[in-house]
Amino acid sequence: MSLMSSERMIDQQTKEKIIEFAKEFYSKLDFAHSLEHGERVVSLALEINKSENGNSELVEIGGWLHQFHDDVKYLKSFLETLNLQKNIKDNLLEIVENCRPQLIDHSHSLETRIVFDADAIEVLGTYGFIREIFCNIKHRNKTWDNSISDSIEVNKMFQDKLMTATGRNIIIESNKTLNNFLNDYHFWRNK
Ligand SMILES: [Fe+2]
């Protein structure tokens, strides 16, 4: 069931509980998926939503919860403890479960596609590329060259997967800058 863009269905106390629960989760993750990542995805999702007109409450809370795609079971059991309408829980779970490049497609709700794009942009453009490289080196222990080449592959995949026109538009210039940088990088790397 879809909701109107400004319809509010989650009371303030429940919203605060959900955000606290999400913050606790981010605090246990690696440096690239810290609280800052959660905050940035929420902020990007709300920015995209200004033009896409999804339900802003679902976009915001979905943004906070998106990283539970790593542990959907844990999120489900937490949502069961809250006084939330079933359709809200279902909408939030749809956002989280499908926030994956292998699962996302145009049949999903607008809010799901918006949150997916916000998370995708975290690996796109100049900022996302550096973030991905750092994650490859520091967290995944990849070599210099593999860190770069794998980040390029991730960049291509997520660029192709972007689900909203707004998501594609807001990152386009940063990706052009990145492509210029990479052309120059490869020129010097191959000398
Ligand atoms: Fe994420």
# chains A, B, ... in the order shown; residues from 1 in each chain; ligands from 1

$ residues_around --residues "region 34-49 of chain A" --least-positions-apart "6" --cutoff "9 Å" --atoms "only C-alpha atoms" --output "PyMOL selection string"
chain A and resi 22-28+55-56+59-67+111+114-122+164+166-167+170

$ residues_around --residues "Asn83 (chain A)" --least-positions-apart "5" --cutoff "12 Å" --atoms "only C-alpha atoms" --output "compact mmCIF listing (two decimals) with C-alpha atoms, in the first residue's frame"
# COMPACT_ATOMS: atom_id res chain seq x y z
CA MET A 9 2.05 7.49 10.34
CA ILE A 10 4.83 7.11 12.91
CA ASP A 11 4.57 8.95 16.23
CA GLN A 12 7.57 10.95 17.49
CA GLN A 13 8.44 8.56 20.32
CA THR A 14 8.47 5.53 18.01
CA LYS A 15 10.53 7.44 15.47
CA LYS A 17 13.25 4.64 19.27
CA ILE A 18 13.88 3.50 15.68
CA PHE A 78 12.76 -5.15 16.69
CA ILE A 88 4.20 0.71 7.76
CA LYS A 89 6.29 -2.28 8.90

$ closest_residue --among "A:Asp90, A:Glu132, A:Glu153, A:Glu57" --to "ligand 1" --atoms "only C-alpha atoms and all ligand atoms"
A:Glu132

$ residues_around --residues "region 172-182 of chain A" --least-positions-apart "6" --cutoff "7 Å" --atoms "only C-alpha atoms" --output "list of chain:residue names"
A:Leu124, A:Gly125, A:Thr126

$ atom_distance --atom1 "CA of Ile152 (chain A)" --atom2 "CA of Asn190 (chain A)"
16.5 Å

$ atom_distance --atom1 "CA of Ile95 (chain A)" --atom2 "CA of Asp30 (chain A)"
22.0 Å

$ closest_residue --among "A:Asn136, A:Asn146, A:Asn87, A:Asn98" --to "ligand 1" --atoms "only C-alpha atoms and all ligand atoms"
A:Asn98

$ residues_around --residues "His106 (chain A)" --least-positions-apart "5" --cutoff "10 Å" --atoms "only C-alpha atoms" --output "PyMOL selection string"
chain A and resi 112-113+161-164

$ select_by_dssp --residues "region 141-170 of chain A" --states "alpha helix (DSSP H)" --output "list in words"
Trp144, Asp145, Asn146, Ser147, Ile148, Ser149, Asp150, Ser151, Ile152, Glu153, Val154, Asn155, Lys156, Met157, Phe158, Gln159, Asp160, Lys161, Ala165, Thr166, Gly167, Arg168, Asn169 and Ile170 of chain A

$ write_last_selection --atoms "C-alpha atoms" --output "CSV table (one decimal), in the first residue's frame"
chain,number,residue,atom,x,y,z
A,144,TRP,CA,46.5,-1.2,-4.1
A,145,ASP,CA,45.6,-2.2,-7.7
A,146,ASN,CA,42.7,-4.4,-6.7
A,147,SER,CA,41.3,-1.7,-4.4
A,148,ILE,CA,41.2,0.7,-7.4
A,149,SER,CA,40.0,-1.7,-10.1
A,150,ASP,CA,37.2,-3.1,-7.8
A,151,SER,CA,36.1,0.4,-6.9
A,152,ILE,CA,35.8,1.2,-10.6
A,153,GLU,CA,33.7,-2.0,-11.1
A,154,VAL,CA,31.5,-1.0,-8.1
A,155,ASN,CA,31.1,2.5,-9.5
A,156,LYS,CA,30.0,1.1,-12.9
A,157,MET,CA,27.5,-1.3,-11.4
A,158,PHE,CA,25.9,1.2,-9.1
A,159,GLN,CA,25.7,3.9,-11.8
A,160,ASP,CA,23.8,1.5,-14.0
A,161,LYS,CA,21.5,0.5,-11.2
A,165,ALA,CA,16.1,10.4,-12.4
A,166,THR,CA,17.0,12.7,-9.4
A,167,GLY,CA,19.5,10.2,-8.1
A,168,ARG,CA,21.2,10.0,-11.6
A,169,ASN,CA,21.2,13.8,-11.9
A,170,ILE,CA,22.7,14.7,-8.5

$ closest_residue --among "A:Phe31, A:Tyr185, A:Phe21, A:Tyr74" --to "ligand 1" --atoms "only C-alpha atoms and all ligand atoms"
A:Phe31

$ closest_residue --among "A:Leu29, A:Ser109, A:Lys50, A:Glu20" --to "ligand 1" --atoms "only C-alpha atoms and all ligand atoms"
A:Leu29

$ atom_distance --atom1 "CA of Leu79 (chain A)" --atom2 "CA of Ser51 (chain A)"
29.0 Å

$ closest_residue --among "A:Ile171, A:Ile130, A:Ile137, A:Val123" --to "ligand 1" --atoms "only C-alpha atoms and all ligand atoms"
A:Val123
